[in-house]
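Below you'll find the structure, written out as structure tokens, and then a few comments.
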Amino acid sequence: MRLKLPLWLLVASLFLPAATLAADFGSKDGPEPANIDQISEFLRKDPYDLELLISFGTSKGGSAGHLALAIRDGVPGDDLVYSANFYADRTDKHATGFYTKDLMVGIPKKEYLFKTTSSLDDTASFGLDFGEIYKRSVIGVRVYGVPANEKEALVAYFNRINDDYHQQSSNTEYHDREIKYDYMHLNCAKTIGVAFKFGAGYQDLEISGVRLFSRVRVVAAANANIPTEMAMKLIEEWHKRGFGMDVVLYKKYGASTYIDPHEEEQVMFKDLPNRFPSVLSRDFRREQGAYEDFDNLYAMYLLYNMGKYSVLLNERTKLLATEKSKNPMPYPGAAELAKRSAKSDSAKYRRHLLFKPKGTRIGETADNTHLYNFSESDKRAP
């Protein structure tokens, strides 16, 4: 027997908003891995104090990625990630429909990496403010032995930047114009750098100056602070202070069908490039997987040598898994080996030779499943 629905109900069903439809796994407001807390607790058994989070780039050329800083126990049971807000630029384009409350956004790390809903606001950006791994891989440099007063100073400085943003301040000791996000002049790398320099007292940390360019964006980048370059500077500073370090690679989930409605080019996350964020060199405009210059090779080799774990989201089980790649090399040995390998390999690339590279790159291509060279016996289930 066929049931006849009232005409008004049939008509109403045609106009149900898209939000009422179930979102796909790996999409905004979709299902999340069931074991986020379990994986987080496993990783937090290591007593690190800070974690510098270096996000991969998702564009085809000039891909610099993103830089953020997680401070341990910034929220109960989790780290708090401080991340510069790309949309806090006070442009008309971002005046509505974008999260612009703060310049330095504080996000629980589990949310920043793995969750598909935001505690900030519905206008928060999926794949940037939260749910990073559905859009791109993230490298976490974990730092051990950082004094409590240094962590408190960093938090205070991030709060100060937000106060300056809210008050529309200008010409502070860390920036020579209005305090708002600027891709070239007050970006993610600079905000992290100034917090260490002026907040935590890293007086020797070099922060690039600024100049005004009106035409070519990549030319202006020559005077910008670049995430990977800032990361390398901070790693060296932490070594000088005697802090321990290791690295975790959070791998991109390779099956997200989500499309960011704000992007002009409507591409599913799974189809976006997932490339190691380039330093500023002749490699900067190269395509994914084509880095050959010393600085990029050194950064990739160093982070691989310091690697301890990678975390992946299994496409079949929809669960997170941690994998142990190897024992991490302490920074001095990791840096020396990376320099030797990068020098040798970059010279061979310049000569267009066919050769087997001496160094191992930490995640660069979209298919980075085997970058850590695990066997099945290496997998660690917490």
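Here's how to read the names in the structure tokens: chain A, B, ... by the order shown, residue numbers from 1 in each chain, ligand numbers from 1 in the order shown.
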
I need the residues of segment 160-322 of chain A that end up classed as strand (DSSP E or B) by DSSP on the backbone, written out as a PyMOL selection string. chain A and resi 172+175+182+186+244-250+275+307-313+320-322

Selection export as a PDB file, in the first residue's frame, atoms kept: C-alpha atoms:
```pdb
ATOM      1  CA  THR A 172      53.881  49.235  18.262  1.00  0.00           C
ATOM      2  CA  HIS A 175      54.669  46.377  13.907  1.00  0.00           C
ATOM      3  CA  ASP A 182      48.414  41.306   6.698  1.00  0.00           C
ATOM      4  CA  LEU A 186      51.762  40.909   9.986  1.00  0.00           C
ATOM      5  CA  GLY A 244      64.871  19.128  24.009  1.00  0.00           C
ATOM      6  CA  MET A 245      62.883  18.646  20.808  1.00  0.00           C
ATOM      7  CA  ASP A 246      61.208  15.986  18.709  1.00  0.00           C
ATOM      8  CA  VAL A 247      58.752  15.984  15.821  1.00  0.00           C
ATOM      9  CA  VAL A 248      55.281  14.553  15.135  1.00  0.00           C
ATOM     10  CA  LEU A 249      53.853  14.422  11.604  1.00  0.00           C
ATOM     11  CA  TYR A 250      50.050  14.706  11.490  1.00  0.00           C
ATOM     12  CA  ARG A 275      53.178  20.296  -0.052  1.00  0.00           C
ATOM     13  CA  GLY A 307      60.794  12.692  13.908  1.00  0.00           C
ATOM     14  CA  LYS A 308      59.294  10.429  16.567  1.00  0.00           C
ATOM     15  CA  TYR A 309      55.674   9.739  15.618  1.00  0.00           C
ATOM     16  CA  SER A 310      53.268  10.253  12.801  1.00  0.00           C
ATOM     17  CA  VAL A 311      49.509  10.295  13.208  1.00  0.00           C
ATOM     18  CA  LEU A 312      47.155   9.231  10.438  1.00  0.00           C
ATOM     19  CA  LEU A 313      43.420   8.960  10.014  1.00  0.00           C
ATOM     20  CA  LEU A 320      43.216   7.844  14.211  1.00  0.00           C
ATOM     21  CA  ALA A 321      46.364   5.776  14.629  1.00  0.00           C
ATOM     22  CA  THR A 322      49.820   6.655  15.893  1.00  0.00           C
TER      23      THR A 322
END
```

Polymer residues at most 12 Å from Arg177 of chain A, only C-alpha atoms, same-chain spacing of 3 or more positions, as a PyMOL selection string: chain A and resi 164-165+168-174+180-182+185-186+210-212

Go ahead and compute the interatomic distance for atom CA of Ile107 of chain A and atom CA of Gly74 of chain A, in Å to one decimal. 9.4 Å

Nearest to Tyr82 of chain A, chosen from A:Ala64, A:Ile139, A:Met300, A:Val155, with only C-alpha atoms counted in the distances: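 Nearest to Tyr82 of chain A: A:Val155.
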
Apply DSSP to the backbone of this structure and, from segment 22-93 of chain A, keep only the residues in helix (DSSP H, G or I); write these as number ranges by chain. A: 36-43, 92-93

With only C-alpha atoms counted and 9 Å as the cut-off, give the residues of segment 41-123 of chain A in contact with segment 192-203 of chain A, each with its shortest interatomic distance in Å and the pair that gives it, as CSV.
```
residue,atom,partner,partner_atom,distance
A:Leu67,CA,A:Ile192,CA,7.6
A:Ala68,CA,A:Ile192,CA,6.9
A:Leu69,CA,A:Ile192,CA,7.1
A:Tyr82,CA,A:Ile192,CA,8.4
A:Ser83,CA,A:Ile192,CA,8.2
A:Ala84,CA,A:Ile192,CA,8.3
```

Closest of A:Ile259, A:Leu205, A:Ala88, A:Ala148 to Lys190 of chain A - atom-to-atom distances counting only C-alpha atoms: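 Closest candidate: A:Leu205.
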
One number please: atom CA of Asp176 of chain A to atom CA of Thr100 of chain A, in Å, one decimal. 21.3 Å

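When only C-alpha atoms are used to measure the gap to Asp260 of chain A, the shortest distance among A:Pro357, A:Tyr112, A:Arg72, A:Lys135 belongs to A:Lys135.
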
What's the 9 Å shell around Val138 of chain A, counting only C-alpha atoms, without same-chain residues fewer than 3 positions away, as a ChimeraX atom specification? /A:53-56,113,132-133,248-252

Please dump the current selection as a PDB file, in the first residue's frame; keep N, CA and C atoms.
```
ATOM      1  N   LEU A  53      53.429  24.287  15.319  1.00  0.00           N
ATOM      2  CA  LEU A  53      52.641  23.564  14.324  1.00  0.00           C
ATOM      3  C   LEU A  53      52.819  24.214  12.956  1.00  0.00           C
ATOM      4  N   ILE A  54      53.478  23.481  12.049  1.00  0.00           N
ATOM      5  CA  ILE A  54      53.805  23.973  10.721  1.00  0.00           C
ATOM      6  C   ILE A  54      52.872  23.284   9.726  1.00  0.00           C
ATOM      7  N   SER A  55      51.924  24.025   9.185  1.00  0.00           N
ATOM      8  CA  SER A  55      50.950  23.446   8.260  1.00  0.00           C
ATOM      9  C   SER A  55      51.472  23.466   6.840  1.00  0.00           C
ATOM     10  N   PHE A  56      51.192  22.425   6.095  1.00  0.00           N
ATOM     11  CA  PHE A  56      51.592  22.342   4.698  1.00  0.00           C
ATOM     12  C   PHE A  56      50.819  23.370   3.869  1.00  0.00           C
ATOM     13  N   LEU A 113      43.364  20.276  15.135  1.00  0.00           N
ATOM     14  CA  LEU A 113      43.848  19.225  14.251  1.00  0.00           C
ATOM     15  C   LEU A 113      42.751  18.305  13.729  1.00  0.00           C
ATOM     16  N   GLU A 132      42.389  20.798  10.713  1.00  0.00           N
ATOM     17  CA  GLU A 132      43.488  21.002   9.759  1.00  0.00           C
ATOM     18  C   GLU A 132      43.811  19.752   8.947  1.00  0.00           C
ATOM     19  N   ILE A 133      43.793  18.580   9.567  1.00  0.00           N
ATOM     20  CA  ILE A 133      44.278  17.389   8.852  1.00  0.00           C
ATOM     21  C   ILE A 133      43.365  16.958   7.715  1.00  0.00           C
ATOM     22  N   VAL A 248      56.426  15.405  15.473  1.00  0.00           N
ATOM     23  CA  VAL A 248      55.281  14.553  15.135  1.00  0.00           C
ATOM     24  C   VAL A 248      54.733  15.027  13.791  1.00  0.00           C
ATOM     25  N   LEU A 249      54.482  14.098  12.880  1.00  0.00           N
ATOM     26  CA  LEU A 249      53.853  14.422  11.604  1.00  0.00           C
ATOM     27  C   LEU A 249      52.388  13.999  11.665  1.00  0.00           C
ATOM     28  N   TYR A 250      51.490  14.968  11.551  1.00  0.00           N
ATOM     29  CA  TYR A 250      50.050  14.706  11.490  1.00  0.00           C
ATOM     30  C   TYR A 250      49.675  14.674  10.009  1.00  0.00           C
ATOM     31  N   LYS A 251      49.403  13.496   9.495  1.00  0.00           N
ATOM     32  CA  LYS A 251      49.217  13.337   8.051  1.00  0.00           C
ATOM     33  C   LYS A 251      47.827  13.755   7.580  1.00  0.00           C
ATOM     34  N   LYS A 252      47.793  14.285   6.386  1.00  0.00           N
ATOM     35  CA  LYS A 252      46.527  14.673   5.776  1.00  0.00           C
ATOM     36  C   LYS A 252      45.620  13.465   5.572  1.00  0.00           C
TER      37      LYS A 252
END
```

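Between Glu32 of chain A and the residues A:Phe158, A:Phe98, A:Phe243, A:Tyr134, the shortest atom-to-atom distance, using only C-alpha atoms, involves A:Tyr134.
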
Output as CSV one row per residue of segment 140-189 of chain A within 12 Å of segment 325-345 of chain A: the closest atom pair and its distance in Å to one decimal place, counting only C-alpha atoms, sorted by chain and residue number ascending.
```
residue,atom,partner,partner_atom,distance
A:Val141,CA,A:Tyr331,CA,11.3
A:Arg142,CA,A:Pro328,CA,11.5
A:Val143,CA,A:Tyr331,CA,11.2
A:Tyr144,CA,A:Pro330,CA,11.9
```

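In this structure, atom CA of His352 of chain A sits 21.3 Å away from atom CA of Ala299 of chain A.
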
When you look at Lys28 of chain A with a cut-off of 8 Å (counting only C-alpha atoms), what residues show up, excluding the ones that are within fewer than 5 positions of it in the same chain? I need them as JSON, numbers by chain. {"A": [23, 116, 117, 126, 258]}

Kindly export the residues of the current selection with N, CA, C and O atoms, as a JSON list (two decimals), in the first residue's frame.
```json
[["chain", "number", "residue", "atom", "x", "y", "z"],
["A", 23, "ALA", "N", 26.41, 15.61, 6.89],
["A", 23, "ALA", "CA", 27.68, 15.92, 6.24],
["A", 23, "ALA", "C", 28.53, 14.66, 6.15],
["A", 23, "ALA", "O", 28.45, 13.77, 6.99],
["A", 116, "THR", "N", 35.62, 18.46, 13.58],
["A", 116, "THR", "CA", 34.90, 18.99, 12.42],
["A", 116, "THR", "C", 33.87, 20.05, 12.81],
["A", 116, "THR", "O", 33.15, 20.55, 11.95],
["A", 117, "THR", "N", 33.80, 20.39, 14.09],
["A", 117, "THR", "CA", 32.98, 21.51, 14.54],
["A", 117, "THR", "C", 33.85, 22.43, 15.37],
["A", 117, "THR", "O", 34.82, 22.00, 16.00],
["A", 126, "PHE", "N", 36.95, 25.97, 8.45],
["A", 126, "PHE", "CA", 37.29, 24.55, 8.48],
["A", 126, "PHE", "C", 38.53, 24.32, 7.63],
["A", 126, "PHE", "O", 38.61, 24.76, 6.49],
["A", 258, "TYR", "N", 35.08, 17.73, 1.17],
["A", 258, "TYR", "CA", 34.62, 19.07, 1.52],
["A", 258, "TYR", "C", 35.21, 20.10, 0.57],
["A", 258, "TYR", "O", 36.37, 20.03, 0.18]]
```
